[in-house]
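Step one of this worksheet: look at the structure below.
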Amino acid sequence: MIRVLLAEDDAVMREYLARALEKAGYDVRSVDRGTAAIPLLESERFDLLLTDIVMPEMDGIELAQKAAVMAPEMQVMFITGFAAVTLKAGEAMPQAKVLSKPFHLRDLVNEVDRMFEKSSATERS
């Protein structure tokens with residue numbers, strides 16, 4: 001099962017995102033800030049880091065950069081409502097996907113499905 005680490009400081013958004021991904025068959029662990037994600041990255045394996053960019057204590061870009069060192073095979077997807085921040089994320093982590101708010105939960109699930117289409121087909125074989 002594909003494991004997702006979700007870092008989102010907005011409690012309602014975090015709940016909606018986690019529920020949508022779990023309903024689509026993903027194993028989701030969620031935290032309310034980047035600093036809370038670091039211990040999980042140290043102790044567990046995740047296939048995807050799904051992170052808001054603007055968060056207290058540690059923003060999503062810094063989290064993704066630390067995660068890339070800790071788990072280089074893990075994919076990254078940013079979610080943000082700020083266009084300028086989207087550009088910054090693209091420069092800092094060009095291989096990461098960026099999903100701009102507002103988006104429909106189905107769009108998020110479809111993007112995650114696309115990211116893992118090849119690897120999940122291989123894993124099921």
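Letters A, B, ... mark the chains of the structure tokens in the order given; residue numbers begin at 1 per chain; ligand numbers begin at 1, in order shown.
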At a cut-off of 6 Å, using only C-alpha atoms, what residues contact Ser30 of chain A? Leave out same-chain residues fewer than 6 positions from it and give the result as a PDB file with N, CA, C and O atoms, in the first residue's frame.
ATOM      1  N   LEU A   5       2.611  10.878   3.701  1.00  0.00           N
ATOM      2  CA  LEU A   5       2.776  11.735   4.866  1.00  0.00           C
ATOM      3  C   LEU A   5       2.213  13.094   4.483  1.00  0.00           C
ATOM      4  O   LEU A   5       2.705  13.744   3.559  1.00  0.00           O
ATOM      5  N   LEU A   6       1.169  13.511   5.168  1.00  0.00           N
ATOM      6  CA  LEU A   6       0.465  14.760   4.896  1.00  0.00           C
ATOM      7  C   LEU A   6       0.818  15.777   5.966  1.00  0.00           C
ATOM      8  O   LEU A   6       0.598  15.524   7.152  1.00  0.00           O
ATOM      9  N   ALA A   7       1.366  16.917   5.564  1.00  0.00           N
ATOM     10  CA  ALA A   7       1.665  18.014   6.482  1.00  0.00           C
ATOM     11  C   ALA A   7       0.818  19.214   6.070  1.00  0.00           C
ATOM     12  O   ALA A   7       1.032  19.804   5.007  1.00  0.00           O
TER      13      ALA A   7
END
How close does each residue of segment 3-51 of chain A get to segment 56-78 of chain A, giving the shortest atom pair and distance in Å to one decimal for every residue with an atom at most 9 Å away, counting only C-alpha atoms, sorted by chain and residue number, as CSV?
residue,atom,partner,partner_atom,distance
A:Ala7,CA,A:Gly60,CA,7.8
A:Glu8,CA,A:Gly60,CA,8.8
A:Asp9,CA,A:Pro56,CA,7.6
A:Arg33,CA,A:Pro56,CA,6.6
A:Gly34,CA,A:Met58,CA,5.1
A:Thr35,CA,A:Met58,CA,6.0
A:Ala37,CA,A:Leu63,CA,7.9
A:Ile38,CA,A:Ala67,CA,7.7
A:Leu41,CA,A:Ala67,CA,7.1
A:Glu42,CA,A:Met70,CA,7.2
A:Arg45,CA,A:Ala71,CA,7.9
A:Phe46,CA,A:Met74,CA,6.5
A:Asp47,CA,A:Met74,CA,4.9
A:Leu48,CA,A:Gln75,CA,4.7
A:Leu49,CA,A:Val76,CA,4.8
A:Leu50,CA,A:Met77,CA,4.9
A:Thr51,CA,A:Phe78,CA,5.0
Output C-alpha atoms for every residue in the selection just made, as a PDB file, in the first residue's frame.
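And here's out24.pdb as it stands now:
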ATOM      1  CA  ALA A   7       1.665  18.014   6.482  1.00  0.00           C
ATOM      2  CA  GLU A   8      -1.100  20.634   6.594  1.00  0.00           C
ATOM      3  CA  ASP A   9      -1.613  23.213   9.352  1.00  0.00           C
ATOM      4  CA  ARG A  33       3.315  21.245  10.910  1.00  0.00           C
ATOM      5  CA  GLY A  34       6.578  20.488   9.186  1.00  0.00           C
ATOM      6  CA  THR A  35       8.502  20.013  12.419  1.00  0.00           C
ATOM      7  CA  ALA A  37       6.813  15.409  10.139  1.00  0.00           C
ATOM      8  CA  ILE A  38      10.568  15.056  10.733  1.00  0.00           C
ATOM      9  CA  LEU A  41      10.391  10.580   8.355  1.00  0.00           C
ATOM     10  CA  GLU A  42      13.159   9.329  10.638  1.00  0.00           C
ATOM     11  CA  ARG A  45       8.971   4.951   5.190  1.00  0.00           C
ATOM     12  CA  PHE A  46       6.666   7.030   3.019  1.00  0.00           C
ATOM     13  CA  ASP A  47       6.139   7.058  -0.736  1.00  0.00           C
ATOM     14  CA  LEU A  48       4.796  10.616  -0.897  1.00  0.00           C
ATOM     15  CA  LEU A  49       5.186  13.787   1.111  1.00  0.00           C
ATOM     16  CA  LEU A  50       2.081  15.909   0.536  1.00  0.00           C
ATOM     17  CA  THR A  51       2.705  19.255   2.173  1.00  0.00           C
TER      18      THR A  51
END
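Nearest residue to Asp107 of chain A among A:Ala11, A:Ile2, A:Ala36, A:Ile79 is A:Ile79, counting only C-alpha atoms.
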**Message:** Just list as a ChimeraX atom specification whatever in chain A DSSP marks as strand (DSSP E).
**Reply:** /A:3-7,27-31,48-52,75-80,97-100
**Prompt:** How many Å lie between atom CA of Ala18 of chain A and atom CA of Leu99 of chain A, rounded to one decimal?
**Reply:**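 Between atom CA of Ala18 of chain A and atom CA of Leu99 of chain A the gap works out to 15.4 Å.
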